[in-house]
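Below is one structure, written out as structure tokens; the observations come after it.
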Amino acid sequence: RGRDCPRPRARVMVRVAVVGATGAVGMEMCKVMKDLDFPVDSLRLFASERSAGKELETPYGNIIVEVFSVEAARECDFAFLAVSGFFAKQHAHALAAEGGPIVIDNSSAFRMDEQVPLVVPEINLAAVQGSRLIANPNCTTAIAAMVLHPLHQRFGLKKVIVSTYQAASGAGAEGMDELKAGCRKVLDGEDAGHSVFAHPLPFNVIPHIDVFQ
């Protein structure tokens with residue numbers, strides 16, 4: 001008689017929260033989860049009172065945005081934070097407390113915090129070690145690490161000099177809108193103006209990334 005075939009494992013579906021869902025990064029998180037076939041059972045979108053009640057089109061259907069509260073987000077299994085570092089420092093630890101979700105923070109708030117693992121999953125997933133709050137590097141660092149890590153494993157790297165030029169999208173949808181509107185003004189012979197960035201960005205490079213610490 002042939003051996004019994006092993007039964008396939010039941011796929012565990014999870015409840016996911018995206019905090020800061022109305023911004024460019026929050027919406028991209030929803031798209032990436034769908035592209036990667038992340039096992040989303042339910043998706044809840046959180047934002048400020050100004051955005052609460054809006055209906056957003058997502059790969060999981062149209063979803064009504066909820067006003068953020070720690071209590072509501074803690075009903076989920078995973079919480080992705082697409083928020084400012086200031087907001088993350090205010091709420092991330094309370095969100096990630098025992099009984100709440102695993103929190104993945106996309107801001108700069110905890111990148112230099114030795115108590116919070118800084119993780120690129122393809123490189124150091126083991127660093128998570130049961131932590132309920134996880135930080136990730138910024139975009140250029142994560143991409144560079146994917147290239148440099150195998151080189152470091154094979155040959156050893158002593159020093160790497162990197163020059164990066166951050167996109168306006170690093171400031172979210174507001175930053176991109178300001179750049180687009182400013183470019184049009186400059187082309188029309190007007191002053192670009194600025195409110196999101198420290199200086200006018202159209203056709204310019206400014207020495208400023210995130211919040212100076």
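Each chain of the structure tokens is named A, B, ... in the order shown, its residues numbered from 1; ligands are numbered from 1 in display order.
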
Exercise. Once DSSP has gone over the backbone, tell me which residues of chain A are in strand (DSSP E), as a PyMOL selection string.
Key: chain A and resi 14-19+40-47+55-58+61-64+66-67+78-81+102-105+133-135

Self-check item: Residue contacts of Val65 (chain A) (7 Å, only C-alpha atoms) excluding same-chain residues fewer than 5 positions away, as JSON, numbers by chain
Solution: {"A": [45, 46, 47, 51, 52, 53, 54, 55]}

Would you write out those residues with C-alpha atoms, as an mmCIF file, in the first residue's frame?
data_model
loop_
_atom_site.group_PDB
_atom_site.id
_atom_site.type_symbol
_atom_site.label_atom_id
_atom_site.label_comp_id
_atom_site.auth_asym_id
_atom_site.auth_seq_id
_atom_site.Cartn_x
_atom_site.Cartn_y
_atom_site.Cartn_z
ATOM 1 C CA LEU A 45 -7.454 51.484 6.943
ATOM 2 C CA PHE A 46 -6.719 54.144 9.558
ATOM 3 C CA ALA A 47 -5.973 57.839 9.187
ATOM 4 C CA SER A 51 -9.714 61.542 6.270
ATOM 5 C CA ALA A 52 -12.040 59.329 8.314
ATOM 6 C CA GLY A 53 -15.160 58.322 6.420
ATOM 7 C CA LYS A 54 -13.526 58.478 2.999
ATOM 8 C CA GLU A 55 -13.928 55.446 0.777
#

Self-check item: Contact residues around region 169-180 of chain A with only C-alpha atoms at 10 Å, ignoring same-chain residues under 4 positions, as an MDAnalysis selection string
Solution: chainID A and resid 22:26 82:84 138:139 184:185 192:197 200:203 209:210

Please tabulate, as JSON lines, the residues of region 78-166 of chain A that come within 9 Å of region 12-16 of chain A, each with its closest pair of atoms and the distance in Å to one decimal, counting only C-alpha atoms and ordering rows by chain, then residue number upward.
{"residue": "A:Phe78", "atom": "CA", "partner": "A:Val16", "partner_atom": "CA", "distance": 4.9}
{"residue": "A:Ala79", "atom": "CA", "partner": "A:Val16", "partner_atom": "CA", "distance": 5.9}
{"residue": "A:Phe80", "atom": "CA", "partner": "A:Val16", "partner_atom": "CA", "distance": 7.8}
{"residue": "A:Pro101", "atom": "CA", "partner": "A:Val16", "partner_atom": "CA", "distance": 8.6}

Practice problem: Pick out the residues sitting within 6 Å of region 109-123 of chain A, and hand them over as a list in words; count only C-alpha atoms, and ignore anything fewer than 2 positions along from it in its own chain. | Solution: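 Counting only C-alpha atoms, the residues come to Gly85, Ser107, Leu125, Val128, Ile134, Ala135 and Asn136 of chain A.
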
Quiz prompt | Members of region 3-122 of chain A assigned alpha helix (DSSP H) by DSSP, as a VMD selection string | solution = chain A and resid 24 to 35 70 to 73 85 to 96 121 to 122

Quiz item: What is the CA of Pro207 (chain A) to CA of Gly182 (chain A) distance in Å?
Solution: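 Spanning CA of Pro207 (chain A) to CA of Gly182 (chain A) is a straight-line distance of 18.3 Å.
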
Quiz item: How many Å lie between CA of Ala181 (chain A) and CA of Glu49 (chain A), rounded to one decimal?
Solution: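 The value is 25.8 Å.
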
Quiz prompt | Shell around His149 (chain A) at 12 Å using only C-alpha atoms, local window under 4 positions removed, as a list of chain:residue names | solution = A:Val120, A:Glu122, A:Ile123, A:Asn124, A:Thr141, A:Ala142, A:Ile143, A:Ala144, A:Ala145, A:Gln153, A:Arg154, A:Phe155, A:Gly156, A:Leu157, A:Val160

Quiz item: Which is closer to Arg50 (chain A) than all the others in A:Val67, A:Met29, A:Met146, A:Ile102, using only C-alpha atoms?
Solution: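 Ranked by minimum distance to Arg50 (chain A), first place goes to A:Val67.
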
Quiz prompt | Distance in Å - CA of Lys89 (chain A) versus CA of Ala127 (chain A) | solution =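 Distance between the two atoms: 20.9 Å.
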